[in-house]
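Novice: Data file entry28.csv (CSV, C-alpha atoms and all ligand atoms) is appended below.
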chain,number,residue,atom,x,y,z
A,243,MET,CA,4.1,37.3,-43.0
A,244,ALA,CA,7.9,37.7,-43.2
A,245,GLY,CA,9.5,36.1,-40.1
A,246,ARG,CA,6.5,34.1,-38.9
A,247,GLY,CA,7.0,30.4,-38.7
A,248,ARG,CA,10.7,30.8,-39.6
A,249,ILE,CA,12.9,28.0,-38.4
A,250,VAL,CA,16.2,29.2,-37.1
A,251,GLY,CA,19.1,26.8,-37.3
A,252,SER,CA,22.8,26.8,-37.0
A,253,ASN,CA,25.6,24.6,-38.2
A,254,LEU,CA,27.0,22.0,-36.0
A,255,GLY,CA,30.1,23.5,-34.3
A,256,GLY,CA,29.4,26.7,-36.1
A,257,LYS,CA,28.6,28.7,-32.9
A,258,SER,CA,29.1,28.0,-29.3
A,259,TYR,CA,26.2,28.9,-27.0
A,260,GLU,CA,28.4,28.8,-23.9
A,261,ASN,CA,28.9,32.2,-22.5
A,262,GLY,CA,31.5,31.5,-19.9
A,263,ASP,CA,29.1,31.9,-16.9
A,264,GLY,CA,27.5,28.5,-17.0
A,265,PRO,CA,26.7,26.4,-14.0
A,266,SER,CA,29.5,26.4,-11.4
A,267,VAL,CA,30.7,23.3,-9.7
A,268,ALA,CA,29.2,22.8,-6.3
A,269,GLU,CA,31.5,23.0,-3.3
A,270,VAL,CA,32.0,19.6,-1.7
A,271,ARG,CA,33.2,18.6,1.7
A,272,GLN,CA,34.3,15.1,2.5
A,273,ALA,CA,33.0,13.2,5.4
A,274,ARG,CA,35.0,10.2,6.7
A,275,TYR,CA,33.3,7.2,8.2
A,276,ILE,CA,35.0,4.3,10.0
A,277,CYS,CA,33.4,0.9,10.4
A,278,PRO,CA,34.0,-1.6,13.3
A,279,ASP,CA,36.6,-3.3,11.1
A,280,ALA,CA,38.5,0.0,10.7
A,281,HIS,CA,37.6,0.3,7.0
A,282,VAL,CA,37.5,4.0,5.9
A,283,THR,CA,34.8,5.3,3.7
A,284,ASP,CA,35.0,8.9,2.4
A,285,VAL,CA,31.7,10.3,1.2
A,286,PRO,CA,31.3,13.7,-0.6
A,287,PHE,CA,28.5,15.9,0.7
A,288,SER,CA,27.5,19.4,-0.4
A,289,ALA,CA,29.3,22.1,1.5
A,290,GLU,CA,25.9,23.6,2.2
A,291,ALA,CA,24.6,20.4,3.9
A,292,ALA,CA,23.7,21.3,7.5
A,293,ASP,CA,23.6,18.0,9.2
A,294,LEU,CA,25.7,15.1,7.9
A,295,PRO,CA,24.5,11.6,8.8
A,296,ALA,CA,26.3,10.1,11.9
A,297,VAL,CA,26.3,6.6,10.3
A,298,TRP,CA,27.0,5.4,6.7
A,299,ASP,CA,27.3,2.0,5.2
A,300,CYS,CA,30.9,0.8,4.9
A,301,SER,CA,32.0,0.6,1.3
A,302,ASP,CA,34.1,-2.5,2.0
A,303,CYS,CA,32.0,-4.7,4.2
A,304,GLY,CA,28.6,-3.0,4.4
A,305,ASP,CA,28.6,-2.7,8.2
A,306,GLY,CA,27.5,0.6,9.7
A,307,ALA,CA,30.4,3.0,9.8
A,308,VAL,CA,30.4,6.0,12.3
A,309,ALA,CA,31.5,9.4,11.3
A,310,ASP,CA,35.1,10.2,12.1
A,311,GLY,CA,35.7,12.9,14.7
A,312,LEU,CA,32.2,12.6,16.0
A,313,ASP,CA,31.5,13.6,19.6
A,314,PRO,CA,32.1,10.4,21.6
A,315,ASP,CA,28.6,10.5,23.1
A,316,VAL,CA,27.0,10.9,19.7
A,317,ALA,CA,29.2,8.1,18.3
A,318,THR,CA,28.1,5.8,21.1
A,319,GLN,CA,24.5,6.6,20.5
A,320,ALA,CA,25.0,6.0,16.8
A,321,ARG,CA,26.7,2.6,17.5
A,322,GLU,CA,23.8,1.6,19.8
A,323,ALA,CA,21.3,2.6,17.1
A,324,LEU,CA,23.2,0.4,14.7
A,325,ALA,CA,23.2,-2.5,17.1
A,326,VAL,CA,19.4,-2.1,17.6
A,327,ALA,CA,18.9,-2.0,13.9
A,328,ALA,CA,21.0,-5.1,13.5
A,329,ARG,CA,18.7,-6.9,16.0
A,330,GLY,CA,15.7,-6.0,13.8
A,331,GLY,CA,14.8,-2.9,15.8
A,332,LYS,CA,14.5,-4.7,19.2
A,333,PRO,CA,16.1,-2.6,22.0
A,334,LEU,CA,18.7,-4.3,24.2
A,335,ALA,CA,17.1,-6.4,26.9
A,336,LYS,CA,17.4,-5.0,30.4
A,337,THR,CA,19.7,-6.8,32.9
A,338,PRO,CA,18.2,-8.3,36.0
A,339,TRP,CA,19.9,-5.4,38.0
A,340,GLN,CA,18.0,-2.8,35.8
A,341,HIS,CA,14.7,-4.6,36.5
A,342,LEU,CA,15.5,-4.7,40.2
A,343,MET,CA,16.3,-1.0,40.3
A,344,GLU,CA,13.0,-0.2,38.8
A,345,ARG,CA,11.2,-1.7,41.8
A,346,ARG,CA,13.7,-1.1,44.7
A,347,THR,CA,16.1,1.5,46.0
A,348,VAL,CA,19.6,0.6,47.3
A,349,PRO,CA,18.6,1.4,51.0
A,350,GLU,CA,15.5,-0.9,50.6
A,351,LEU,CA,17.7,-3.6,49.3
A,352,GLU,CA,20.1,-3.2,52.2
A,353,VAL,CA,17.2,-3.7,54.7
A,354,ILE,CA,16.1,-6.8,52.8
A,355,LEU,CA,19.6,-8.1,52.8
A,356,GLU,CA,20.0,-7.6,56.6
A,357,GLU,CA,16.6,-9.4,57.2
A,358,ARG,CA,17.7,-12.4,55.1
A,359,LEU,CA,21.1,-12.5,56.7
A,360,ALA,CA,19.5,-12.5,60.2
A,361,LEU,CA,17.2,-15.3,59.2
A,362,LEU,CA,20.2,-17.4,57.8
A,363,ARG,CA,22.3,-16.7,60.9
A,364,GLY,CA,19.4,-17.7,63.2
A,365,ARG,CA,19.1,-21.0,61.2
A,366,LEU,CA,22.8,-21.7,61.5
A,367,ARG,CA,22.7,-21.1,65.3
A,368,ALA,CA,19.7,-23.3,65.6
A,369,SER,CA,21.3,-26.2,63.7
A,370,ALA,CA,24.6,-25.9,65.5
B,401,ZN,ZN,33.9,-2.2,6.9
Take the structure in the file and write it out as structure tokens.
Ligand SMILES: [Zn+2]

Specialist:
Amino acid sequence: MAGRGRIVGSNLGGKSYENGDGPSVAEVRQARYICPDAHVTDVPFSAEAADLPAVWDCSDCGDGAVADGLDPDVATQAREALAVAARGGKPLAKTPWQHLMERRTVPELEVILEERLALLRGRLRASA
């Protein structure tokens, strides 16, 4: 029965259980985000993180800040996504020109323009 149920203790500060190869500090890389008001927000991410977010909340004003040094096209998409989110998820309304171009081509429009101009010119000649 010797040793069974034995409680092993140690004195406080009597012995260190650290062996020198404890957890290592994770490597960090800083990502910089800049909001529309030019506030700079630095956010630490793990060096192993594959994809950093393109957008982060500004630490000063809370607006959406876009990652610094981002590809201009990606930054534009991120800003548009922020604008959509600010409108409650509603995409930007199409312009009248965009609606027109869904139904007609430019050559078709040129034909219609010529028809309308001919009609107007005929009316002007008739009234003169
Ligand atoms: Zn800001």

Novice: Record the distance separating atom CA of Arg274 of chain A and atom CA of Ala309 of chain A, expressed in Å with one decimal.

Specialist: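 That distance, rounded to one decimal, is 5.8 Å.
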
Novice: Identify which of the residues A:Glu269, A:Gly306, A:Asp284, A:Val297 lies closest to ligand ZN 401 (chain B), counting all atoms listed in the file when measuring atom-to-atom distances.

Specialist: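 With all atoms listed in the file as the atom set, the closest residue is A:Gly306.
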
Novice: What do you get as a ChimeraX atom specification if you pick all residues at most 6 Å from ligand ZN 401 (chain B), counting only C-alpha atoms and all ligand atoms?

Specialist: /A:277,279,281,300,302-305

Novice: Which of these residues is nearest to Pro295 of chain A, using only C-alpha atoms: A:Leu355, A:Ala317, A:Ala370, A:Val282?

Specialist: A:Ala317

Novice: Atom CA of Phe287 of chain A to atom CA of Val316 of chain A: how many Å, to one decimal?

Specialist: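 We find that atom CA of Phe287 of chain A and atom CA of Val316 of chain A lie 19.7 Å from each other.
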
Novice: Using atom CA of Ala296 of chain A and atom CA of Pro278 of chain A as the two end points, give the distance in Å to one decimal.

Specialist: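 Taking atom CA of Ala296 of chain A as the start and atom CA of Pro278 of chain A as the end point, the length is 14.1 Å.
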
Novice: Of the residues A:Ser266, A:Ser369, A:Ser301, A:Thr318, which is the one nearest to Thr283 of chain A, using only C-alpha atoms?

Specialist: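 Closest to Thr283 of chain A, using only C-alpha atoms: A:Ser301.
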